[in-house]
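Participant: I have a structure here, written as structure tokens, and I will follow up with some questions on it.
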Amino acid sequence: MVKLFSFFLLCALVLAACRRSEPNEKEEILALKEMSDLATVEYVVTKIIRASDDKTWYKFGDRKILMSCQATLKAGIDFSKISENDITIHGKEISLRLPHARLMSLNMKPEDLKVEYQEIGILRSDFSTQERDQLAAQAQKQIEGSAEALGILQTSETNAALFITNLLKQLGYEKVRINFGSQETTPNLN
Amino acid sequence: MRKTLIRYIAIAITLVLLFIFARQMKWIPSWSDIFSPRPVVIDNTPILIKEINELSQLTTVTAYDEVVADSFRVAKNDMLPSLFPIPGVLPVSMDRIVLVGKGRVTAGIDLKKIKEEDIHIDKDSICLRLPAAEVFDAILNPADFDTFAEDGEWTPEAVTQVKIKAREKMIRRALQQGLLTRADAKGKQLMENFLGGIGFSKIHFQ
């Protein structure tokens with residue numbers, strides 16, 4: 001019986017010792033990196049950040065904050081993904097296959113983030129800089145997540161097709177065809 | 001008597017094991033979870049498009065960097081100097097804010113600036129005048145900042161000034177690393193590859 005208890009006790013100790021270790025934060029290399037992104041559109045968007053801190057049971061009183069923010073989203077195409085196989089030339093006629101557009105950056109400048117209103121209970125402290133940044137970071141994620149729904153990628157592809165068509169016409173080509181992936185796009189040049 | 005004691009001990013051990021198992025499976029919260037503050041989640045408010053601008057920015061180099069920016073001032077609640085003013089002696093306490101920002105500076109060539117007169121074509125040779133490389137963006141978003149220290153009360157406007165200081169420092173350091181020279185060289189290389197691919201065999205840059 002004593003052996004059985006010892007076994008149970010050992011199991012309990014092993015289980016208690018098996019804590020899940022959090023993965024280490026990925027270390028990033030801070031340096032100059034060469035790119036080849038052609039940004040073709042910029043969307044300036046605004047959003048109201050609304051939050052109330054009343055979910056913690058042992059904190060008495062509420063804290064509410066209302067902030068406004070403005071962010072700039074840029075989208076475009078990766079120029080390095082265009083290979084020789086994507087270009088077909090027949091005399092003065094050229095056909096070019098471009099990679100699909102992607103979101104390249106989201107820039108929320110510090111001066112574009114403003115605290116419009118806050119209500120702090122008498123037993124609560126003000127929102128700290130870190131807390132305000134965390135709320136703004138959530139807004140940043142929401143904007144990033146909605147980028148496609150805003151139509152930025154479609155606009156970016158249309159602009160890329162227009163820009164490259166104009167450039168190729170300046171370079172002497174009379175007929176220009178632009179495809180994205182497998183789909184063909186005919187830019188409306190008027 | 002001994003059997004009853006053993007039974008109680010067995011029940012106690014089983015309960016402890018069940019508790020540990022339930023904790024491992026996260027079926028019950030830990031003590032630290034019970035006393036840890038709930039995260040503040042923002043409401044899902046609409047996103048409004050304010051402007052749409054057409055661009056032709058060829059980003060050729062990005063400089064990643066981590067910068068520290070700070071600000072100090074005499075603590076508002078420091079009563080000691082006002083109670084015992086000693087000429088020539090500095091106040092004993094200071095308010096300070098120290099932020100660490102991890103961001104990036106992008107640079108490249110604005111192809112929109114190429115005019116018709118910048119392009120000269122003769123059969124399969126082309127002479128192109130490319131505009132000089134410029135800094136497009138310095139991105140230091142709220143998620144990129146870490147507050148290392150914050151003593152005293154700092155208004156959001158004062159914090160914004162520290163963040164702007166961090167951004168300017170990041171741009172300055174990127175320029176010192178030769179960001180624009182690298183951006184120019186890479187821009188020329190990209191345009192050379194592109195022009196070569198579309199049929200030009202002799203490419204010159206002015």
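In the structure tokens, chains take the letters A, B, ... in the order shown, each chain's residues start at 1, and ligands count up from 1 in the order shown.
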Near Gly76 of chain A, counting only C-alpha atoms, which residues have an atom at most 10 Å away, once you skip same-chain residues fewer than 3 positions from it, shown as a tab-separated table (two decimals) with C-alpha atoms, in the first residue's frame?
Facilitator:
```
chain	number	residue	atom	x	y	z
A	37	ASP	CA	8.05	46.46	-53.71
A	38	LEU	CA	6.12	48.71	-56.01
A	39	ALA	CA	3.49	50.48	-53.88
A	40	THR	CA	0.65	51.60	-56.10
A	41	VAL	CA	-2.01	52.76	-53.69
A	42	GLU	CA	-2.31	54.42	-50.31
A	79	PHE	CA	8.67	43.45	-58.43
A	99	PRO	CA	2.09	38.93	-59.05
A	100	HIS	CA	-1.08	39.65	-57.06
A	101	ALA	CA	-1.08	42.77	-54.90
A	102	ARG	CA	-0.50	42.52	-51.17
A	103	LEU	CA	-0.66	44.83	-48.18
A	104	MET	CA	2.80	46.30	-47.72
A	105	SER	CA	2.58	48.54	-44.71
A	152	ILE	CA	-7.16	48.15	-51.26
A	153	LEU	CA	-5.75	45.10	-53.07
A	154	GLN	CA	-8.10	45.47	-56.05
A	155	THR	CA	-7.33	49.19	-56.31
A	156	SER	CA	-3.63	48.41	-56.04
A	157	GLU	CA	-3.78	45.93	-58.95
A	159	ASN	CA	-3.21	51.14	-60.37
A	160	ALA	CA	-0.26	48.80	-61.01
B	55	LEU	CA	1.33	55.89	-55.88
B	56	SER	CA	4.25	54.57	-57.90
B	57	GLN	CA	6.79	54.13	-55.12
B	58	LEU	CA	9.45	51.53	-55.73
```
Participant: Can you pull out the residues contacting segment 39-45 of chain B? Cut-off 6 Å, using only C-alpha atoms, and skip same-chain residues under 6 positions away; I want them as a PDB file with N, CA and C atoms, in the first residue's frame.
Facilitator:
```pdb
ATOM      1  N   ARG A  50     -12.654  52.446 -28.823  1.00  0.00           N
ATOM      2  CA  ARG A  50     -13.523  52.584 -27.642  1.00  0.00           C
ATOM      3  C   ARG A  50     -13.310  51.366 -26.747  1.00  0.00           C
ATOM      4  N   ALA A  51     -13.001  51.610 -25.487  1.00  0.00           N
ATOM      5  CA  ALA A  51     -12.792  50.472 -24.571  1.00  0.00           C
ATOM      6  C   ALA A  51     -13.213  50.840 -23.160  1.00  0.00           C
ATOM      7  N   ASP A  53     -12.733  49.336 -19.132  1.00  0.00           N
ATOM      8  CA  ASP A  53     -12.022  48.376 -18.285  1.00  0.00           C
ATOM      9  C   ASP A  53     -12.879  48.116 -17.033  1.00  0.00           C
TER      10      ASP A  53
END
```
Participant: Report the closest atom pair, with its distance in Å rounded to one decimal, for each residue of chain B that has an atom no farther than 6 Å from chain A; count only C-alpha atoms, sort by chain and then rising residue number, and write it as CSV.
Facilitator:
```
residue,atom,partner,partner_atom,distance
B:Leu17,CA,A:Ala12,CA,5.8
B:Pro37,CA,A:Thr56,CA,5.3
B:Arg38,CA,A:Thr56,CA,5.2
B:Val40,CA,A:Asp53,CA,5.6
B:Ile42,CA,A:Ala51,CA,4.6
B:Asp43,CA,A:Arg50,CA,5.6
B:Ile47,CA,A:Lys47,CA,5.0
B:Leu48,CA,A:Thr46,CA,5.2
B:Ile49,CA,A:Val45,CA,4.4
B:Lys50,CA,A:Val45,CA,5.2
B:Glu51,CA,A:Val44,CA,5.0
B:Ile52,CA,A:Tyr43,CA,4.7
B:Asn53,CA,A:Glu42,CA,5.1
B:Glu54,CA,A:Val41,CA,4.8
B:Leu55,CA,A:Thr40,CA,4.3
B:Ser56,CA,A:Thr40,CA,5.0
B:Gln57,CA,A:Ala39,CA,5.1
B:Leu58,CA,A:Leu38,CA,4.4
B:Thr59,CA,A:Asp37,CA,5.1
B:Thr60,CA,A:Met35,CA,4.4
B:Val61,CA,A:Glu34,CA,4.4
B:Thr62,CA,A:Lys33,CA,5.1
B:Ala63,CA,A:Leu32,CA,4.3
B:Tyr64,CA,A:Leu30,CA,4.9
B:Asp65,CA,A:Leu30,CA,5.3
B:Ile139,CA,A:Asn107,CA,5.6
B:Asn141,CA,A:Met108,CA,5.3
B:Pro142,CA,A:Asp133,CA,4.9
B:Ala143,CA,A:Ala137,CA,4.8
B:Thr147,CA,A:Gln130,CA,5.9
B:Thr160,CA,A:Pro110,CA,5.5
```
Participant: So how far away is atom CA of Arg167 of chain B from atom CA of Val135 of chain B, in Å?
Facilitator: 12.6 Å
Participant: List every residue of segment 25-144 of chain A that DSSP, applied to the backbone, labels as helix (DSSP H, G or I), and write the result as a PyMOL selection string.
Facilitator: chain A and resi 79-81+84-86+110-112+129-144
Participant: Find, counting only C-alpha atoms, the residue in A:Gly145, A:Gly181, A:Gly151, A:Gly121 that gets nearest to Lys64 of chain A.
Facilitator: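 Using only C-alpha atoms, the shortest distance to Lys64 of chain A belongs to A:Gly121.
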Participant: Compile the contact shell of Glu192 of chain B as an MDAnalysis selection string: residues with an atom at most 12 Å away, counting only C-alpha atoms, same-chain residues fewer than 5 positions apart removed.
Facilitator: chainID B and resid 125:128 130 185:187 197:205
Participant: Set the distance at 10 Å and use only C-alpha atoms: which residues neighbour Ile122 of chain A once local chain neighbours fewer than 5 positions away are removed? I'd like the list as a list in words.
Facilitator: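 Selected residues are Phe60, Gly61, Asp62 and Arg63 of chain A.
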Participant: Just to be explicit: take each residue in the selection above, keep N, CA and C atoms, and write the result as a short mmCIF file (atom, residue, chain, number, x, y, z; two decimals), in the first residue's frame.
Facilitator:
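The file below, result13.cif, is the result:
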```cif
data_model
loop_
_atom_site.label_atom_id
_atom_site.label_comp_id
_atom_site.auth_asym_id
_atom_site.auth_seq_id
_atom_site.Cartn_x
_atom_site.Cartn_y
_atom_site.Cartn_z
N PHE A 60 -12.49 48.08 -8.18
CA PHE A 60 -13.74 48.81 -7.98
C PHE A 60 -13.77 50.06 -8.84
N GLY A 61 -14.86 50.23 -9.53
CA GLY A 61 -15.00 51.40 -10.40
C GLY A 61 -14.57 51.08 -11.82
N ASP A 62 -15.07 51.88 -12.77
CA ASP A 62 -14.79 51.66 -14.19
C ASP A 62 -13.73 52.64 -14.70
N ARG A 63 -13.17 52.26 -15.83
CA ARG A 63 -12.31 53.17 -16.58
C ARG A 63 -12.78 53.07 -18.02
#
```
